[in-house]
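Text of the file model-v2.csv, holding CSV, C-alpha atoms and all ligand atoms:
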chain,number,residue,atom,x,y,z
A,1,MET,CA,102.9,77.7,90.8
A,2,LEU,CA,99.4,79.2,90.3
A,3,PRO,CA,97.1,78.3,93.2
A,4,ALA,CA,94.6,75.7,92.1
A,5,ILE,CA,91.3,77.5,91.6
A,6,GLY,CA,88.5,75.3,90.5
A,7,PRO,CA,85.7,76.7,88.3
A,8,GLY,CA,83.3,76.9,91.3
A,9,ARG,CA,85.7,78.9,93.4
A,10,ARG,CA,86.6,81.1,90.5
A,11,ARG,CA,82.9,81.9,89.8
A,12,SER,CA,82.2,82.6,93.4
A,13,PHE,CA,85.2,84.9,93.6
A,14,GLN,CA,84.0,86.8,90.5
A,15,ARG,CA,80.4,86.9,91.6
A,16,ARG,CA,81.2,88.4,95.0
A,17,VAL,CA,83.7,90.9,93.6
A,18,LEU,CA,81.3,92.1,90.9
A,19,ALA,CA,78.4,92.3,93.4
A,20,TRP,CA,80.4,94.4,95.7
A,21,TYR,CA,81.5,96.7,92.9
A,22,ALA,CA,78.0,97.2,91.7
A,23,ILE,CA,77.2,98.9,95.0
A,24,ASN,CA,80.6,100.4,96.1
A,25,GLY,CA,82.4,101.2,92.9
A,26,ARG,CA,84.0,104.6,92.7
A,27,ASP,CA,82.5,107.2,90.3
A,28,LEU,CA,85.6,108.3,88.4
A,29,PRO,CA,85.5,110.4,85.2
A,30,TRP,CA,87.8,108.1,83.2
A,31,ARG,CA,85.2,105.3,83.7
A,32,LYS,CA,82.7,107.3,81.6
A,33,THR,CA,84.9,107.2,78.5
A,34,ARG,CA,86.4,104.7,76.2
A,35,ASP,CA,88.8,107.2,74.7
A,36,PRO,CA,92.2,105.4,74.9
A,37,TYR,CA,94.0,108.8,75.2
A,38,ALA,CA,91.9,109.9,78.2
A,39,ILE,CA,92.5,106.5,79.8
A,40,LEU,CA,96.2,106.6,79.2
A,41,VAL,CA,96.3,110.1,80.8
A,42,SER,CA,94.3,108.8,83.9
A,43,GLU,CA,96.6,105.8,84.4
A,44,VAL,CA,99.8,107.8,84.1
A,45,LEU,CA,98.5,110.4,86.5
A,46,SER,CA,97.3,107.8,89.0
A,47,HIS,CA,100.6,106.1,89.2
A,48,GLN,CA,101.6,106.1,92.9
A,49,THR,CA,99.2,109.0,93.5
A,50,GLN,CA,96.0,109.4,95.5
A,51,ILE,CA,92.9,109.6,93.3
A,52,THR,CA,91.7,112.7,95.1
A,53,ARG,CA,94.8,114.5,94.0
A,54,VAL,CA,94.6,113.1,90.4
A,55,LEU,CA,91.1,114.2,89.7
A,56,PRO,CA,91.7,118.0,89.3
A,57,VAL,CA,94.9,117.5,87.3
A,58,TYR,CA,93.1,115.0,85.0
A,59,GLU,CA,90.3,117.5,84.4
A,60,ARG,CA,92.7,120.4,83.8
A,61,LEU,CA,95.0,118.5,81.4
A,62,LEU,CA,92.1,117.1,79.3
A,63,GLY,CA,90.3,120.5,79.4
A,64,ARG,CA,93.4,122.1,78.0
A,65,TYR,CA,94.4,119.3,75.7
A,66,PRO,CA,91.3,117.3,74.8
A,67,SER,CA,93.0,115.1,72.1
A,68,VAL,CA,96.3,113.4,71.7
A,69,GLN,CA,97.1,115.7,68.8
A,70,ALA,CA,96.5,118.7,71.0
A,71,LEU,CA,98.9,117.4,73.7
A,72,ALA,CA,101.5,116.6,71.0
A,73,GLN,CA,101.4,120.2,69.8
A,74,ALA,CA,101.7,121.7,73.4
A,75,PRO,CA,105.0,122.9,74.7
A,76,LEU,CA,106.4,120.4,77.2
A,77,ALA,CA,106.8,123.1,79.8
A,78,ASP,CA,103.1,123.8,79.7
A,79,VAL,CA,102.2,120.2,80.1
A,80,LYS,CA,104.6,119.8,83.0
A,81,ALA,CA,103.2,122.9,84.7
A,82,ILE,CA,100.0,121.0,85.0
A,83,THR,CA,101.4,117.6,85.9
A,84,ASP,CA,104.4,118.4,88.0
A,85,PRO,CA,102.5,119.5,91.1
A,86,LEU,CA,101.4,115.8,91.5
A,87,GLY,CA,105.0,114.8,92.1
A,88,TYR,CA,106.8,112.0,90.2
A,89,LYS,CA,107.6,114.6,87.6
A,90,ILE,CA,108.7,112.3,84.9
A,91,ARG,CA,105.1,111.5,84.0
A,92,GLY,CA,104.5,114.9,82.2
A,93,GLY,CA,107.4,114.1,79.9
A,94,TRP,CA,106.1,110.6,79.3
A,95,LEU,CA,102.7,111.7,78.4
A,96,HIS,CA,104.0,114.4,76.0
A,97,ALA,CA,106.5,112.0,74.4
A,98,ALA,CA,103.7,109.4,74.0
A,99,ALA,CA,101.4,111.9,72.4
A,100,LEU,CA,104.2,113.0,70.0
A,101,ARG,CA,104.8,109.3,69.0
A,102,VAL,CA,101.1,108.7,68.4
A,103,ALA,CA,100.6,112.0,66.4
A,104,GLU,CA,103.7,111.4,64.3
A,105,GLY,CA,102.6,107.8,63.6
A,106,GLY,CA,99.5,109.2,61.9
A,107,GLY,CA,97.7,105.9,62.2
A,108,GLY,CA,95.5,106.6,65.2
A,109,PHE,CA,95.9,105.5,68.8
A,110,PRO,CA,97.7,102.1,69.3
A,111,ALA,CA,95.2,99.3,69.8
A,112,THR,CA,97.4,96.3,70.7
A,113,MET,CA,99.4,95.5,73.8
A,114,GLU,CA,102.6,95.5,71.7
A,115,GLU,CA,102.0,98.9,70.1
A,116,LEU,CA,101.0,100.4,73.4
A,117,ARG,CA,104.1,99.1,75.2
A,118,ARG,CA,106.3,100.8,72.6
A,119,LEU,CA,105.0,104.2,73.8
A,120,PRO,CA,107.3,106.0,76.3
A,121,GLY,CA,106.5,105.3,79.9
A,122,VAL,CA,103.9,102.6,79.1
A,123,GLY,CA,104.6,99.2,80.7
A,124,ARG,CA,102.5,96.1,81.0
A,125,TYR,CA,100.1,97.6,83.6
A,126,THR,CA,99.3,100.8,81.7
A,127,ALA,CA,99.0,99.0,78.4
A,128,GLY,CA,96.7,96.4,80.0
A,129,ALA,CA,94.5,99.2,81.5
A,130,VAL,CA,94.1,100.9,78.1
A,131,MET,CA,93.3,97.5,76.4
A,132,SER,CA,90.8,96.7,79.2
A,133,PHE,CA,89.1,100.0,79.8
A,134,ALA,CA,89.2,101.5,76.3
A,135,HIS,CA,89.0,98.4,74.1
A,136,HIS,CA,87.1,96.1,76.5
A,137,ARG,CA,89.7,93.3,76.0
A,138,ASP,CA,90.2,90.8,78.8
A,139,ALA,CA,93.7,92.0,79.6
A,140,PRO,CA,94.8,91.7,83.2
A,141,VAL,CA,95.4,94.9,85.1
A,142,LEU,CA,97.7,94.4,88.1
A,143,ASP,CA,98.3,97.6,90.1
A,144,THR,CA,99.6,97.5,93.7
A,145,ASN,CA,96.1,97.3,95.2
A,146,VAL,CA,95.0,94.4,93.0
A,147,ALA,CA,98.4,92.6,93.6
A,148,ARG,CA,98.0,92.9,97.3
A,149,LEU,CA,94.4,91.7,97.3
A,150,LEU,CA,95.2,88.6,95.1
A,151,ARG,CA,98.3,87.8,97.1
A,152,ARG,CA,96.3,87.9,100.4
A,153,HIS,CA,93.2,86.2,99.2
A,154,PHE,CA,94.9,83.3,97.4
A,155,GLY,CA,97.8,83.0,99.9
A,156,VAL,CA,100.6,83.7,97.4
A,157,ALA,CA,103.9,83.5,99.1
A,158,VAL,CA,106.9,82.9,96.9
A,159,SER,CA,110.0,84.8,96.0
A,160,ASP,CA,109.6,88.3,94.7
A,161,ARG,CA,110.4,87.6,91.1
A,162,ALA,CA,108.3,84.5,90.7
A,163,ARG,CA,105.5,86.2,92.6
A,164,THR,CA,105.1,89.0,90.1
A,165,ARG,CA,104.8,86.6,87.2
A,166,LEU,CA,102.4,84.5,89.2
A,167,LEU,CA,100.2,87.4,90.2
A,168,TRP,CA,99.9,88.5,86.5
A,169,ASP,CA,98.8,84.9,85.7
A,170,LEU,CA,96.4,85.0,88.6
A,171,ALA,CA,94.9,88.4,87.6
A,172,ALA,CA,94.3,87.0,84.1
A,173,SER,CA,92.8,83.8,85.4
A,174,VAL,CA,90.0,85.5,87.5
A,175,ILE,CA,88.7,87.5,84.5
A,176,PRO,CA,85.2,86.3,83.5
A,177,LYS,CA,85.1,86.0,79.7
A,178,GLY,CA,84.2,89.3,78.1
A,179,ARG,CA,84.0,91.2,81.4
A,180,GLY,CA,87.7,92.1,82.0
A,181,TYR,CA,87.0,95.9,82.1
A,182,LEU,CA,84.4,95.3,84.9
A,183,ILE,CA,86.3,93.0,87.1
A,184,ASN,CA,89.6,94.9,86.7
A,185,GLN,CA,87.9,98.1,87.9
A,186,ALA,CA,86.2,96.1,90.7
A,187,LEU,CA,89.5,94.6,91.9
A,188,MET,CA,91.2,97.9,91.8
A,189,ASP,CA,88.5,99.5,94.0
A,190,LEU,CA,88.2,96.6,96.4
A,191,GLY,CA,92.0,96.6,96.9
A,192,ALA,CA,92.1,100.4,97.4
A,193,ILE,CA,89.1,100.7,99.6
A,194,VAL,CA,88.8,97.5,101.6
A,195,CYS,CA,92.0,95.4,101.2
A,196,ARG,CA,94.1,98.3,102.2
A,197,ALA,CA,97.8,98.0,102.7
A,198,ARG,CA,97.5,98.9,106.4
A,199,ALA,CA,94.5,97.8,108.4
A,200,PRO,CA,92.5,95.8,105.8
A,201,ARG,CA,88.8,96.1,106.4
A,202,CYS,CA,88.2,92.3,106.3
A,203,GLY,CA,84.9,92.5,108.1
A,204,ASP,CA,83.5,94.5,105.2
A,205,CYS,CA,85.1,92.4,102.5
A,206,PRO,CA,83.0,90.2,100.2
A,207,LEU,CA,85.9,87.7,100.1
A,208,ARG,CA,86.3,87.3,103.8
A,209,ARG,CA,85.0,83.7,103.9
A,210,SER,CA,87.5,82.4,101.4
A,211,CYS,CA,90.5,84.6,102.2
A,212,ILE,CA,93.6,82.7,103.2
A,213,PHE,CA,95.2,85.8,104.7
A,214,ARG,CA,92.2,86.4,107.0
A,215,ALA,CA,92.0,82.7,108.0
A,216,ASN,CA,95.7,82.8,109.0
A,217,ALA,CA,95.3,86.0,110.9
A,218,ARG,CA,92.3,84.6,112.8
A,219,GLN,CA,94.2,81.4,113.6
A,220,GLU,CA,97.2,83.4,114.7
A,221,SER,CA,95.1,85.5,117.1
A,222,ARG,CA,93.7,82.4,118.7
A,223,ARG,CA,97.1,80.9,119.4
A,224,PRO,CA,98.0,81.2,123.1
A,225,LEU,CA,100.8,83.7,123.9
A,226,PRO,CA,104.2,82.1,124.7
A,227,ASP,CA,105.2,82.0,128.4
B,1,LIG,S1,89.3,89.4,103.7
B,1,LIG,FE1,90.8,91.0,104.3
B,1,LIG,S2,92.8,90.4,103.6
B,1,LIG,FE2,91.3,89.1,102.5
B,1,LIG,S3,90.9,90.1,100.6
B,1,LIG,FE3,89.4,90.9,102.0
B,1,LIG,S4,90.2,92.7,102.9
B,1,LIG,FE4,91.9,91.6,101.9
Please express what this file holds, its structure, as structure tokens.
Amino acid sequence: MLPAIGPGRRRSFQRRVLAWYAINGRDLPWRKTRDPYAILVSEVLSHQTQITRVLPVYERLLGRYPSVQALAQAPLADVKAITDPLGYKIRGGWLHAAALRVAEGGGGFPATMEELRRLPGVGRYTAGAVMSFAHHRDAPVLDTNVARLLRRHFGVAVSDRARTRLLWDLAASVIPKGRGYLINQALMDLGAIVCRARAPRCGDCPLRRSCIFRANARQESRRPLPD
């Protein structure tokens, strides 16, 4: 079940996350565009990969293939020569196949969740990111960093399957109306930079006073050691 979040708590959460982001947000090239093709490329390249490694590959791929049509016309081997060094080699094929599908469709870049999810390699997360960052729709974007942050902050502890569904609902519920693109980016950065998988920097976190994970950890550390 979704944790009960009253309007006051929700607003406070949103305010603190957005204030933190205004000062600490990362300056990433795909945040300066609303081109759905560029955003799709950035999301596919960022999958399970450190941003510092993604940046040069993103620049190189878009420099060589600045439009989805250009990518569709490229030989797959040339695309993979750029993307494969990042590892997770299937992504070059996904991008190329998605570009072919869009180019063959002839109707422009897909602009709904359903259409996007029909593209090869595009799941709920990537489609949500394109909807949110390119089209400024209030679609939730739940990457591993956001999931970890929400799970810890709201104290979500249920079975794996139910948890995924619940976290998607939670990610949708914390979006301020009309500002999904902003809070999604903010949550992604806060999760990546502060609420790290190992050694979360709780002392620097704007959510530290309301975080259930932190409260439990502090309580735990005060408990006397067993004899
Ligand atoms: S207080 Fe710590 S555990 Fe809680 S959201 Fe912030 S960094 Fe994560």
Checklist line | Near-ligand residues for ligand LIG 1 (chain B), threshold 8 Å, all atoms listed in the file, as number ranges by chain | finding: A: 148-150, 152-153, 190-191, 194-196, 200-214
With only C-alpha atoms counted and 10 Å as the cut-off, give the residues of segment 91-196 of chain A in contact with segment 18-37 of chain A, each with its shortest interatomic distance in Å and the pair that gives it, as JSON lines.
{"residue": "A:Leu95", "atom": "CA", "partner": "A:Tyr37", "partner_atom": "CA", "distance": 9.7}
{"residue": "A:Ala98", "atom": "CA", "partner": "A:Tyr37", "partner_atom": "CA", "distance": 9.8}
{"residue": "A:Ala99", "atom": "CA", "partner": "A:Tyr37", "partner_atom": "CA", "distance": 8.5}
{"residue": "A:Val102", "atom": "CA", "partner": "A:Tyr37", "partner_atom": "CA", "distance": 9.8}
{"residue": "A:Phe109", "atom": "CA", "partner": "A:Pro36", "partner_atom": "CA", "distance": 7.1}
{"residue": "A:Pro110", "atom": "CA", "partner": "A:Pro36", "partner_atom": "CA", "distance": 8.5}
{"residue": "A:Ala111", "atom": "CA", "partner": "A:Pro36", "partner_atom": "CA", "distance": 8.5}
{"residue": "A:Ala127", "atom": "CA", "partner": "A:Pro36", "partner_atom": "CA", "distance": 10.0}
{"residue": "A:Ala129", "atom": "CA", "partner": "A:Pro36", "partner_atom": "CA", "distance": 9.3}
{"residue": "A:Val130", "atom": "CA", "partner": "A:Pro36", "partner_atom": "CA", "distance": 5.8}
{"residue": "A:Met131", "atom": "CA", "partner": "A:Pro36", "partner_atom": "CA", "distance": 8.1}
{"residue": "A:Ser132", "atom": "CA", "partner": "A:Arg34", "partner_atom": "CA", "distance": 9.6}
{"residue": "A:Phe133", "atom": "CA", "partner": "A:Arg34", "partner_atom": "CA", "distance": 6.5}
{"residue": "A:Ala134", "atom": "CA", "partner": "A:Arg34", "partner_atom": "CA", "distance": 4.3}
{"residue": "A:His135", "atom": "CA", "partner": "A:Arg34", "partner_atom": "CA", "distance": 7.1}
{"residue": "A:His136", "atom": "CA", "partner": "A:Arg34", "partner_atom": "CA", "distance": 8.6}
{"residue": "A:Arg179", "atom": "CA", "partner": "A:Leu18", "partner_atom": "CA", "distance": 9.9}
{"residue": "A:Tyr181", "atom": "CA", "partner": "A:Arg31", "partner_atom": "CA", "distance": 9.7}
{"residue": "A:Leu182", "atom": "CA", "partner": "A:Leu18", "partner_atom": "CA", "distance": 7.5}
{"residue": "A:Ile183", "atom": "CA", "partner": "A:Leu18", "partner_atom": "CA", "distance": 6.3}
{"residue": "A:Asn184", "atom": "CA", "partner": "A:Leu18", "partner_atom": "CA", "distance": 9.7}
{"residue": "A:Gln185", "atom": "CA", "partner": "A:Gly25", "partner_atom": "CA", "distance": 8.1}
{"residue": "A:Ala186", "atom": "CA", "partner": "A:Tyr21", "partner_atom": "CA", "distance": 5.2}
{"residue": "A:Leu187", "atom": "CA", "partner": "A:Tyr21", "partner_atom": "CA", "distance": 8.3}
{"residue": "A:Met188", "atom": "CA", "partner": "A:Gly25", "partner_atom": "CA", "distance": 9.5}
{"residue": "A:Asp189", "atom": "CA", "partner": "A:Gly25", "partner_atom": "CA", "distance": 6.4}
{"residue": "A:Leu190", "atom": "CA", "partner": "A:Tyr21", "partner_atom": "CA", "distance": 7.6}
{"residue": "A:Ile193", "atom": "CA", "partner": "A:Asn24", "partner_atom": "CA", "distance": 9.2}
Could you please take those selected residues and save C-alpha atoms as an mmCIF file, in the frame of the given file?
data_model
loop_
_atom_site.group_PDB
_atom_site.id
_atom_site.type_symbol
_atom_site.label_atom_id
_atom_site.label_comp_id
_atom_site.auth_asym_id
_atom_site.auth_seq_id
_atom_site.Cartn_x
_atom_site.Cartn_y
_atom_site.Cartn_z
ATOM 1 C CA LEU A 95 102.700 111.700 78.400
ATOM 2 C CA ALA A 98 103.700 109.400 74.000
ATOM 3 C CA ALA A 99 101.400 111.900 72.400
ATOM 4 C CA VAL A 102 101.100 108.700 68.400
ATOM 5 C CA PHE A 109 95.900 105.500 68.800
ATOM 6 C CA PRO A 110 97.700 102.100 69.300
ATOM 7 C CA ALA A 111 95.200 99.300 69.800
ATOM 8 C CA ALA A 127 99.000 99.000 78.400
ATOM 9 C CA ALA A 129 94.500 99.200 81.500
ATOM 10 C CA VAL A 130 94.100 100.900 78.100
ATOM 11 C CA MET A 131 93.300 97.500 76.400
ATOM 12 C CA SER A 132 90.800 96.700 79.200
ATOM 13 C CA PHE A 133 89.100 100.000 79.800
ATOM 14 C CA ALA A 134 89.200 101.500 76.300
ATOM 15 C CA HIS A 135 89.000 98.400 74.100
ATOM 16 C CA HIS A 136 87.100 96.100 76.500
ATOM 17 C CA ARG A 179 84.000 91.200 81.400
ATOM 18 C CA TYR A 181 87.000 95.900 82.100
ATOM 19 C CA LEU A 182 84.400 95.300 84.900
ATOM 20 C CA ILE A 183 86.300 93.000 87.100
ATOM 21 C CA ASN A 184 89.600 94.900 86.700
ATOM 22 C CA GLN A 185 87.900 98.100 87.900
ATOM 23 C CA ALA A 186 86.200 96.100 90.700
ATOM 24 C CA LEU A 187 89.500 94.600 91.900
ATOM 25 C CA MET A 188 91.200 97.900 91.800
ATOM 26 C CA ASP A 189 88.500 99.500 94.000
ATOM 27 C CA LEU A 190 88.200 96.600 96.400
ATOM 28 C CA ILE A 193 89.100 100.700 99.600
#
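When atom CA of Thr83 of chain A is paired with atom CA of Gly123 of chain A, their separation reads 19.4 Å.
Near Thr126 of chain A, within 8 Å and counting only C-alpha atoms, sit Leu40, Glu43, Val44, Val122, Gly123, Arg124, Gly128, Ala129, Val130 and Val141 of chain A; same-chain residues fewer than 2 positions away were not included.
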Margin query: At a cut-off of 7 Å, using only C-alpha atoms, what residues contact Val54 of chain A? Leave out same-chain residues fewer than 5 positions from it and give the result as a list in words.
Written below: Leu45, Ser46 and Thr49 of chain A
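Picture a line from atom CA of Asp143 of chain A to atom CA of Ile39 of chain A; it runs 14.8 Å.
As for atom CA of Ala72 of chain A and atom CA of Ala97 of chain A, they are spaced 7.6 Å apart.
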Item checked: Shell of 12 Å around Arg64 of chain A, all atoms listed in the file, local chain residues under 2 positions omitted, as JSON, numbers by chain -> {"A": [57, 58, 59, 60, 61, 62, 66, 67, 68, 69, 70, 71, 73, 74, 78, 79, 81, 82]}
Notebook entry, point to check: If we count all atoms listed in the file, what is near segment 4-7 of chain A at a cut-off of 10 Å, once residues fewer than 5 positions away on the same chain are taken out, given as a PyMOL selection string?
Noted result: chain A and resi 12-13+154+170+173-174
How would you write as a short mmCIF file (atom, residue, chain, number, x, y, z; two decimals) with C-alpha atoms, keeping the file's coordinate frame the residues that get within 7 Å of (92.2, 86.4, 81.4) in the file's frame, counting only C-alpha atoms?
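The resulting out_18.cif:
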data_model
loop_
_atom_site.label_atom_id
_atom_site.label_comp_id
_atom_site.auth_asym_id
_atom_site.auth_seq_id
_atom_site.Cartn_x
_atom_site.Cartn_y
_atom_site.Cartn_z
CA ASP A 138 90.20 90.80 78.80
CA ALA A 139 93.70 92.00 79.60
CA PRO A 140 94.80 91.70 83.20
CA ALA A 172 94.30 87.00 84.10
CA SER A 173 92.80 83.80 85.40
CA VAL A 174 90.00 85.50 87.50
CA ILE A 175 88.70 87.50 84.50
#
Notebook entry, point to check: Looking at A:Val41, A:Gln14, A:Arg218, A:Met113, which one is nearest to Gly180 of chain A, with distances taken over all atoms listed in the file?
Noted result: A:Gln14
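In this comparison, which uses all atoms listed in the file, the residue of A:Ala171, A:Ala77, A:Leu86, A:Ile51 approaching Arg151 of chain A most closely is A:Ala171.
Closest approach to Val146 of chain A among A:Leu116, A:Gly87, A:Gln219, A:Val17: A:Val17, based on all atoms listed in the file.
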